[in-house]
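Let me begin by presenting the structure, written as structure tokens, before commenting on it.
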Amino acid sequence: MLYRIVILFLIFRCATTLFAQDSTAISDSTIRLMEVEIADKKITSSNTLNEQGIFKLTPSDVNKLPRIMGETDWLKSTQFLSGVQSGNEGALGFFVRGGSPDQNLLLYDNIPILNATHLYGFLSTINGEAIEQLQFHKNYVPTTKSGRLATAMEIDSKNGNNKAIKASITLGIISAKFSVDGPIKSSKTTFSIYGRGSFLGAISQKISKKAYKNSLGAGIQIAYYFYDLNANIQHTFNGKHQLKYSFFLSHDFYNLQSEEIGNESFIPIDTTFSKVDNKYNYKNKLQWMNIGNGLTWNYLPKEKWRLKNQLLFSNYTIRFNRTEKETTDYLGNQIYDATWLHKIKSFVRTFSLKSEIIFTPNNSNRTDFGMQLSMNSMQVLQSNINFKRDYKDILANVPDVDSTTGNSYPVFTYFLATAHAQHEFTWKQLQLTVGFNLNFYQQKKQHYTTPEGRFKLQYKLPKQLVISGAVMYTAQHVHLLNSRQSDILYDVWLPTSQYIKPQTALNFSGSIHQTIKQWQWSVDAYYRKMFNQIDYKNNAGFLSSKQSIESQVYTNGTGKAYGVEFFVAKSKGKITASARYNLAWSTRQFDSLNNGQPFFYKYDKRHDLALMIAYRFKKHFDVSLTWVFNSGQRTTIPKAYYYASGEWLPVYSNMNDYVLPKYHRMDISFNYTKETKQLTHQFNFSIFNLYSRQNVFSVYTKKSVGSVDKTYYQLSLFPILPSLSYSITIKANEK
């Protein structure tokens, strides 16, 4: 049996930095977080870049990195791979080569995941203990992983061992988790279950209230909870048949409650009630959830043939409830009470049948072909708003207000069929790969037929030096509207329709890489031209319930992404290390936006650097250190305001011409491991954000009373986070 005992100590920090539009930071408030966990960690040699130029991560690679809140996090680990951006906290998905997160496909046992993060991008929704390996395709994406413009990342779940039942349990002040795996009756059937949950909100609610009170003068309380579950069961019937069922679930709860006092109201400014006293109280409840199911049947009819059939289902849901109350007084007399109730719901559901046949006649040839059929449905921001205003005392003769509004967006349902074929030919040192996809898409009466093609040429030179080049023409039938408010609630998924055409892209890439004993290095260059891009109109950042979707979205945009990536790693020996640097540009262009001129995209980050070093001093002791740096994210800020129709309206210059502060962070981890015949002891001490850099989580504005000037606030959520852990593992006797 494997037992894990954990003790956690927590002090939560909610740091808020205030800065004016053209000024540096002038204030902050800090409350600290510390936690202690017991978990195992071991440094071993690894080889993250294989001969095909595909990056692969295994548990030994991930365990080298410092832990986050006591967790080994696979999604954070990918930030040390060439081409992947770091420092996108507060956003869903993963970011590659300056593209939108929807342009990268994330698969868990071939089940698509649309939001892979807890804590607004701080932790992965996939428990690290449940993962066997991760593969990252960026220059050439196999035809079986198509459906996105740019890259694919596939995660394979860990099967249960077939020797003996193993179990672990973790208990703490803010979190708990468990795992069980092993055989069922015989070694032919195995299972694994991994569960994890956080009840951080019980502590953060009181601490955040104090933090915001000191910095903003408002009583804001934040409570955050999440849980996730990963499980699979696998049965091998004989040497030809194997059946596997995979399941994952993640659920996040974010509650925010605020109390404020002010002197503004909804009474027009030209009335006699120009100075009033207001009391505001609002409660926000935001939830997002992923559910995935997959049934896989592997069949080996003959020695050179393999058949793989899958039934896949995924569901991503966002729910939001907001209750806001206002009481307004004038000279001690109550004027009115007002209440808003706002509910929003969105979901994306996919049900797929996938079949793949692999034929390998000899060592020089391999052919993959098959088909995928999927039914998809999307609910786009189903919104309902109820507003009530009850006039009192001196305005008792004014009629009360009670109104309900909502949008009429339908549930979009569409069908997608994809046929794919790929052939790989190897002759001596030359390898040629050619792939083709044909997609048929239908949404109501609108249909599109989109072909895809891909080509890769690779040649091995002496001394394990490999050069390769690839060209891909890719298509994508879903779009993600990225909110300019840094809020996943308004990151809206939209299907291809009569007004929104399928995204397409032409990708060019070249690579040279080499493995020499303990060392690996690579240099990649890429250029991507994108078509049929979309964006919010008029810097809205959200969809209004009173207008059609097509009237609020710019369509038929183009984009470019290009750059150079450098990677070097030492993967064996007492000292292991890696470094990667991305130099990148990413732009968008729309006829009716930014005067028709190209502008830098939201995720354009010119420089992105990630360093890691691990050192084993002796047999029992090792240390690891990481540092990440990138150029700040881009945003658009008004340059001036003008008064029209009774309100102040913003004036913008160029899109995304303001660059937020640079992101950088250092983490460190120490391990002491002692093994005996039946026991393994390990002590771990890690510090996340060693020098407590106040990186930007989000930016929001607050208008000064009686003035059109706005103050911009920077919210920073993740300061220095130390953790101390101890683990004990009891080795079971195998039967």
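Following the order of the structure tokens, first chain is A, next is B, and so on, with residues numbered from 1 inside each chain and ligands from 1 in the order they appear.
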DSSP strand (DSSP E) selection over stretch 460-585 of chain A, as a PyMOL selection string | chain A and resi 460-461+465-476+478-481+492-495+503-516+519-536+553-570+575-585
Counting only C-alpha atoms, which of A:Val84, A:Ala614, A:Leu341, A:Val141 gets nearest to A:Ser403?
-> A:Leu341
Contact check, stretch 578-666 of chain A to stretch 556-566 of chain A, at most 10 Å, counting only C-alpha atoms, closest pairs as a tab-separated table:
residue	atom	partner	partner_atom	distance
A:Ala579	CA	A:Phe566	CA	8.0
A:Arg580	CA	A:Phe566	CA	5.4
A:Tyr581	CA	A:Phe566	CA	5.2
A:Asn582	CA	A:Glu565	CA	4.5
A:Leu583	CA	A:Val564	CA	5.3
A:Ala584	CA	A:Gly563	CA	4.2
A:Trp585	CA	A:Tyr562	CA	5.5
A:Ser586	CA	A:Ala561	CA	4.3
A:Thr587	CA	A:Lys560	CA	5.3
A:Arg588	CA	A:Gly559	CA	4.2
A:Gln589	CA	A:Thr558	CA	5.3
A:Phe590	CA	A:Gly557	CA	4.7
A:Asp591	CA	A:Gly557	CA	7.4
A:Ser592	CA	A:Gly557	CA	9.4
A:Leu593	CA	A:Gly557	CA	9.4
A:Gly596	CA	A:Gly557	CA	10.0
A:Pro598	CA	A:Gly559	CA	8.4
A:Phe599	CA	A:Gly559	CA	9.3
A:Phe600	CA	A:Gly559	CA	9.5
A:Tyr601	CA	A:Gly559	CA	8.6
A:Asp604	CA	A:Ala561	CA	8.7
A:Arg606	CA	A:Gly563	CA	9.0
A:Asp608	CA	A:Glu565	CA	9.4
A:Leu609	CA	A:Phe566	CA	9.5
A:Lys145: which residues within 9 Å, counting only C-alpha atoms, same-chain residues fewer than 2 positions away excluded, as number ranges by chain?
-> A: 105, 107, 110, 141-143, 147-148, 151-154
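One distance worth recording is that between atom CA of A:Met289 and atom CA of A:Leu489, which is 12.3 Å.
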Pairwise distance, atom CA of A:Ala569 with atom CA of A:Phe80, equals 10.4 Å
Choose the residue, out of A:Ala223, A:Ala231, A:Val348, A:Leu353, that has the smallest atom-to-atom separation from A:Val180; count only C-alpha atoms.
->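 Under the stated criterion, the closest residue is A:Ala231.
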Near A:Asn139, counting only C-alpha atoms, which residues have an atom at most 12 Å away, once you skip same-chain residues fewer than 6 positions from it, shown as a short mmCIF file (atom, residue, chain, number, x, y, z; two decimals) with N, CA, C and O atoms, in the first residue's frame?
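Done, and the output landed in selection_1.cif:
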data_model
loop_
_atom_site.label_atom_id
_atom_site.label_comp_id
_atom_site.auth_asym_id
_atom_site.auth_seq_id
_atom_site.Cartn_x
_atom_site.Cartn_y
_atom_site.Cartn_z
N GLN A 52 11.33 12.81 -33.88
CA GLN A 52 10.35 13.40 -34.77
C GLN A 52 10.13 14.88 -34.50
O GLN A 52 9.30 15.51 -35.15
N GLY A 53 10.85 15.45 -33.54
CA GLY A 53 10.66 16.85 -33.19
C GLY A 53 9.43 17.08 -32.35
O GLY A 53 8.94 18.21 -32.24
N ILE A 54 8.90 16.01 -31.74
CA ILE A 54 7.71 16.11 -30.89
C ILE A 54 8.17 16.19 -29.44
O ILE A 54 8.96 15.38 -28.97
N PHE A 55 7.66 17.18 -28.72
CA PHE A 55 7.99 17.30 -27.31
C PHE A 55 7.10 16.34 -26.51
O PHE A 55 5.89 16.28 -26.71
N SER A 82 9.45 24.63 -26.00
CA SER A 82 9.65 25.63 -27.04
C SER A 82 8.33 25.96 -27.73
O SER A 82 7.59 25.07 -28.15
N GLY A 83 8.02 27.26 -27.81
CA GLY A 83 6.82 27.72 -28.50
C GLY A 83 5.65 28.03 -27.61
O GLY A 83 4.74 28.77 -28.00
N VAL A 96 0.11 29.23 -27.59
CA VAL A 96 1.26 28.84 -28.39
C VAL A 96 1.43 29.82 -29.54
O VAL A 96 0.48 30.14 -30.25
N ARG A 97 2.63 30.35 -29.68
CA ARG A 97 3.01 31.15 -30.84
C ARG A 97 2.06 32.31 -31.10
O ARG A 97 1.72 32.62 -32.26
N LEU A 149 -6.39 25.29 -35.82
CA LEU A 149 -5.50 25.91 -36.79
C LEU A 149 -4.04 25.62 -36.53
O LEU A 149 -3.25 25.51 -37.47
N ALA A 150 -3.64 25.53 -35.25
CA ALA A 150 -2.22 25.62 -34.95
C ALA A 150 -1.61 24.34 -34.42
O ALA A 150 -0.83 23.68 -35.11
N THR A 151 -1.90 23.96 -33.18
CA THR A 151 -1.17 22.88 -32.51
C THR A 151 -2.14 21.91 -31.85
O THR A 151 -3.34 22.14 -31.76
N ALA A 152 -1.56 20.81 -31.35
CA ALA A 152 -2.34 19.82 -30.61
C ALA A 152 -1.50 19.33 -29.44
O ALA A 152 -0.29 19.11 -29.56
N ARG A 454 -1.42 18.54 -45.37
CA ARG A 454 -0.19 18.74 -44.59
C ARG A 454 0.94 17.89 -45.17
O ARG A 454 0.70 16.81 -45.72
N PHE A 455 2.13 18.43 -45.03
CA PHE A 455 3.30 17.79 -45.63
C PHE A 455 4.50 18.04 -44.73
O PHE A 455 4.72 19.16 -44.25
N LYS A 456 5.30 17.00 -44.51
CA LYS A 456 6.49 17.14 -43.67
C LYS A 456 7.63 16.34 -44.29
O LYS A 456 7.46 15.20 -44.71
N LEU A 457 8.79 16.97 -44.33
CA LEU A 457 10.00 16.33 -44.84
C LEU A 457 11.08 16.44 -43.77
O LEU A 457 11.35 17.52 -43.25
N GLN A 458 11.69 15.29 -43.46
CA GLN A 458 12.70 15.26 -42.41
C GLN A 458 13.90 14.46 -42.87
O GLN A 458 13.76 13.41 -43.50
N SER A 468 14.18 19.51 -40.59
CA SER A 468 12.83 19.19 -41.07
C SER A 468 12.12 20.47 -41.48
O SER A 468 12.43 21.57 -41.01
N GLY A 469 11.15 20.30 -42.35
CA GLY A 469 10.29 21.39 -42.77
C GLY A 469 8.88 20.87 -42.94
O GLY A 469 8.66 19.71 -43.29
N ALA A 470 7.90 21.72 -42.67
CA ALA A 470 6.51 21.29 -42.75
C ALA A 470 5.64 22.42 -43.27
O ALA A 470 5.91 23.61 -43.03
N VAL A 471 4.61 22.03 -44.00
CA VAL A 471 3.59 22.96 -44.48
C VAL A 471 2.23 22.36 -44.14
O VAL A 471 2.00 21.16 -44.39
N MET A 472 1.34 23.17 -43.57
CA MET A 472 0.00 22.68 -43.24
C MET A 472 -1.03 23.73 -43.65
O MET A 472 -0.85 24.92 -43.39
N TYR A 473 -2.08 23.28 -44.30
CA TYR A 473 -3.27 24.11 -44.51
C TYR A 473 -4.36 23.53 -43.63
O TYR A 473 -4.79 22.39 -43.81
N LEU A 506 -2.64 28.95 -43.17
CA LEU A 506 -1.53 28.37 -43.91
C LEU A 506 -0.30 28.46 -43.00
O LEU A 506 0.11 29.55 -42.61
N ASN A 507 0.25 27.30 -42.63
CA ASN A 507 1.34 27.22 -41.67
C ASN A 507 2.62 26.75 -42.35
O ASN A 507 2.63 25.70 -43.01
N PHE A 508 3.70 27.50 -42.16
CA PHE A 508 5.02 27.10 -42.62
C PHE A 508 5.94 27.01 -41.41
O PHE A 508 5.92 27.88 -40.54
N SER A 509 6.76 25.97 -41.34
CA SER A 509 7.69 25.85 -40.22
C SER A 509 8.93 25.08 -40.67
O SER A 509 8.89 24.23 -41.55
N GLY A 510 10.03 25.42 -40.02
CA GLY A 510 11.28 24.71 -40.24
C GLY A 510 11.97 24.49 -38.92
O GLY A 510 11.85 25.29 -37.99
N SER A 511 12.70 23.38 -38.81
CA SER A 511 13.31 23.04 -37.54
C SER A 511 14.63 22.33 -37.75
O SER A 511 14.81 21.60 -38.74
N ILE A 512 15.54 22.55 -36.82
CA ILE A 512 16.78 21.80 -36.76
C ILE A 512 17.01 21.44 -35.31
O ILE A 512 16.90 22.28 -34.42
N VAL A 523 16.23 24.66 -32.89
CA VAL A 523 15.87 25.99 -33.36
C VAL A 523 14.70 25.82 -34.32
O VAL A 523 14.77 25.02 -35.26
N ASP A 524 13.62 26.55 -34.09
CA ASP A 524 12.42 26.48 -34.93
C ASP A 524 12.08 27.87 -35.45
O ASP A 524 12.21 28.87 -34.72
N ALA A 525 11.63 27.93 -36.68
CA ALA A 525 11.10 29.16 -37.26
C ALA A 525 9.73 28.85 -37.86
O ALA A 525 9.52 27.75 -38.39
N TYR A 526 8.81 29.79 -37.76
CA TYR A 526 7.45 29.52 -38.24
C TYR A 526 6.82 30.80 -38.79
O TYR A 526 7.21 31.92 -38.45
N TYR A 527 5.83 30.60 -39.65
CA TYR A 527 5.01 31.69 -40.18
C TYR A 527 3.61 31.14 -40.40
O TYR A 527 3.43 30.10 -41.03
N ARG A 528 2.61 31.85 -39.87
CA ARG A 528 1.23 31.42 -40.02
C ARG A 528 0.38 32.59 -40.52
O ARG A 528 0.39 33.67 -39.95
N GLU A 565 12.20 30.24 -32.36
CA GLU A 565 12.21 29.63 -31.03
C GLU A 565 13.52 28.87 -30.83
O GLU A 565 13.98 28.15 -31.72
#
From the set A:Gln682, A:Thr350, A:Thr515, A:Gln287, which residue has the shortest atom-to-atom contact distance to A:Pro462, counting only C-alpha atoms?
->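 The shortest atom-to-atom distance to A:Pro462 comes from A:Thr515.
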Out of stretch 531-600 of chain A, which residues get helix (DSSP H, G or I) from DSSP, as a PyMOL selection string?
-> chain A and resi 537-539+550-552+594-596
What does the file look like for those residues with N, CA, C and O atoms, as a compact mmCIF listing (two decimals), in the first residue's frame?
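Output (again.txt):
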# COMPACT_ATOMS: atom_id res chain seq x y z
N LYS A 537 -16.91 43.94 -31.59
CA LYS A 537 -16.99 45.27 -32.16
C LYS A 537 -16.88 46.33 -31.06
O LYS A 537 -17.28 46.10 -29.92
N ASN A 538 -16.36 47.48 -31.45
CA ASN A 538 -16.37 48.67 -30.61
C ASN A 538 -15.81 48.44 -29.22
O ASN A 538 -16.26 49.03 -28.23
N ASN A 539 -14.83 47.55 -29.14
CA ASN A 539 -14.16 47.29 -27.86
C ASN A 539 -15.14 46.85 -26.78
O ASN A 539 -14.94 47.10 -25.59
N GLU A 550 -24.25 38.64 -35.00
CA GLU A 550 -23.49 39.11 -36.15
C GLU A 550 -23.32 40.64 -36.15
O GLU A 550 -22.36 41.16 -36.71
N SER A 551 -24.24 41.37 -35.50
CA SER A 551 -24.12 42.83 -35.45
C SER A 551 -23.10 43.28 -34.42
O SER A 551 -22.76 44.46 -34.37
N GLN A 552 -22.61 42.38 -33.58
CA GLN A 552 -21.67 42.74 -32.52
C GLN A 552 -20.27 42.19 -32.77
O GLN A 552 -19.38 42.36 -31.94
N ASN A 594 -9.75 49.62 -36.27
CA ASN A 594 -8.44 50.26 -36.25
C ASN A 594 -8.12 50.92 -37.59
O ASN A 594 -6.98 50.87 -38.06
N ASN A 595 -9.15 51.51 -38.20
CA ASN A 595 -9.02 52.19 -39.50
C ASN A 595 -8.48 51.26 -40.58
O ASN A 595 -7.82 51.70 -41.53
N GLY A 596 -8.75 49.98 -40.43
CA GLY A 596 -8.34 49.01 -41.43
C GLY A 596 -6.87 48.65 -41.37
O GLY A 596 -6.40 47.88 -42.22
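In this structure, atom CA of A:Ser258 sits 21.6 Å away from atom CA of A:Ile318.
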If you count only C-alpha atoms, which residues fall within 10 Å of A:Asn159, apart from same-chain ones fewer than 2 positions away, as a list in words?
->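 Final neighbour list, sorted by chain and number: Ala130, Ile131, Glu132, Asp156, Ser157, Asn161, Asn162, Asp181, Gly182, Thr190, Phe191, Ser192, Ile193, Ala231, Asn232, Ile233, Gln234, Lys244 and Ser246 of chain A.
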Using N, CA and C atoms, can you export the residues from the last selection as a PDB file, in the first residue's frame?
ATOM      1  N   ALA A 130      -2.755  11.532 -12.333  1.00  0.00           N
ATOM      2  CA  ALA A 130      -3.573  10.701 -13.219  1.00  0.00           C
ATOM      3  C   ALA A 130      -3.036  10.633 -14.639  1.00  0.00           C
ATOM      4  N   ILE A 131      -1.883  11.262 -14.914  1.00  0.00           N
ATOM      5  CA  ILE A 131      -1.367  11.384 -16.271  1.00  0.00           C
ATOM      6  C   ILE A 131      -0.149  10.492 -16.469  1.00  0.00           C
ATOM      7  N   GLU A 132      -0.156   9.758 -17.571  1.00  0.00           N
ATOM      8  CA  GLU A 132       0.977   8.900 -17.933  1.00  0.00           C
ATOM      9  C   GLU A 132       2.019   9.668 -18.745  1.00  0.00           C
ATOM     10  N   ASP A 156      -2.285  11.355 -22.167  1.00  0.00           N
ATOM     11  CA  ASP A 156      -2.678   9.959 -21.966  1.00  0.00           C
ATOM     12  C   ASP A 156      -2.842   9.707 -20.471  1.00  0.00           C
ATOM     13  N   SER A 157      -3.991   9.141 -20.094  1.00  0.00           N
ATOM     14  CA  SER A 157      -4.244   8.872 -18.682  1.00  0.00           C
ATOM     15  C   SER A 157      -3.450   7.653 -18.219  1.00  0.00           C
ATOM     16  N   ASN A 161      -2.191  -0.224 -12.140  1.00  0.00           N
ATOM     17  CA  ASN A 161      -1.187  -1.280 -12.219  1.00  0.00           C
ATOM     18  C   ASN A 161      -1.867  -2.646 -12.072  1.00  0.00           C
ATOM     19  N   ASN A 162      -1.261  -3.682 -12.613  1.00  0.00           N
ATOM     20  CA  ASN A 162      -1.876  -5.018 -12.614  1.00  0.00           C
ATOM     21  C   ASN A 162      -1.248  -5.953 -11.584  1.00  0.00           C
ATOM     22  N   ASP A 181      -5.683   2.542  -7.254  1.00  0.00           N
ATOM     23  CA  ASP A 181      -5.537   1.845  -8.529  1.00  0.00           C
ATOM     24  C   ASP A 181      -5.058   0.422  -8.274  1.00  0.00           C
ATOM     25  N   GLY A 182      -5.262  -0.425  -9.271  1.00  0.00           N
ATOM     26  CA  GLY A 182      -4.834  -1.808  -9.146  1.00  0.00           C
ATOM     27  C   GLY A 182      -5.664  -2.737 -10.003  1.00  0.00           C
ATOM     28  N   THR A 190      -7.829  -3.718 -14.945  1.00  0.00           N
ATOM     29  CA  THR A 190      -7.258  -2.765 -13.997  1.00  0.00           C
ATOM     30  C   THR A 190      -8.138  -1.521 -13.931  1.00  0.00           C
ATOM     31  N   PHE A 191      -7.992  -0.775 -12.850  1.00  0.00           N
ATOM     32  CA  PHE A 191      -8.750   0.462 -12.683  1.00  0.00           C
ATOM     33  C   PHE A 191      -7.862   1.501 -12.000  1.00  0.00           C
ATOM     34  N   SER A 192      -8.242   2.762 -12.118  1.00  0.00           N
ATOM     35  CA  SER A 192      -7.582   3.843 -11.392  1.00  0.00           C
ATOM     36  C   SER A 192      -8.584   4.963 -11.156  1.00  0.00           C
ATOM     37  N   ILE A 193      -8.542   5.559  -9.971  1.00  0.00           N
ATOM     38  CA  ILE A 193      -9.412   6.673  -9.594  1.00  0.00           C
ATOM     39  C   ILE A 193      -8.555   7.720  -8.887  1.00  0.00           C
ATOM     40  N   ALA A 231     -10.775   9.028 -13.750  1.00  0.00           N
ATOM     41  CA  ALA A 231     -10.900   7.587 -13.541  1.00  0.00           C
ATOM     42  C   ALA A 231     -10.828   6.857 -14.875  1.00  0.00           C
ATOM     43  N   ASN A 232     -10.360   5.619 -14.835  1.00  0.00           N
ATOM     44  CA  ASN A 232     -10.446   4.752 -16.011  1.00  0.00           C
ATOM     45  C   ASN A 232     -10.455   3.296 -15.571  1.00  0.00           C
ATOM     46  N   ILE A 233     -10.983   2.463 -16.443  1.00  0.00           N
ATOM     47  CA  ILE A 233     -10.974   1.019 -16.247  1.00  0.00           C
ATOM     48  C   ILE A 233     -10.620   0.381 -17.580  1.00  0.00           C
ATOM     49  N   GLN A 234      -9.738  -0.605 -17.547  1.00  0.00           N
ATOM     50  CA  GLN A 234      -9.238  -1.222 -18.780  1.00  0.00           C
ATOM     51  C   GLN A 234      -9.274  -2.732 -18.654  1.00  0.00           C
ATOM     52  N   LYS A 244     -11.191   0.143 -22.998  1.00  0.00           N
ATOM     53  CA  LYS A 244     -10.848   1.111 -21.954  1.00  0.00           C
ATOM     54  C   LYS A 244     -11.914   2.190 -21.871  1.00  0.00           C
ATOM     55  N   SER A 246     -12.635   5.916 -20.055  1.00  0.00           N
ATOM     56  CA  SER A 246     -11.988   7.051 -19.393  1.00  0.00           C
ATOM     57  C   SER A 246     -13.043   8.074 -18.990  1.00  0.00           C
TER      58      SER A 246
END
Which is closest to A:His420 among A:Tyr441, A:Phe369, A:Phe617, A:Phe688, if we use only C-alpha atoms?
->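 Using only C-alpha atoms, the shortest distance to A:His420 belongs to A:Phe369.
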Of the candidates A:Ser168, A:Thr72, A:Ser686, A:Thr58, which one gets nearest to A:Ile155 if we count only C-alpha atoms?
->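 Closest candidate: A:Thr58.
Minimum atom-to-atom distance to A:Gln476, evaluated using only C-alpha atoms, belongs to A:Leu416 out of A:Ile357, A:Ala164, A:Val398, A:Leu416.
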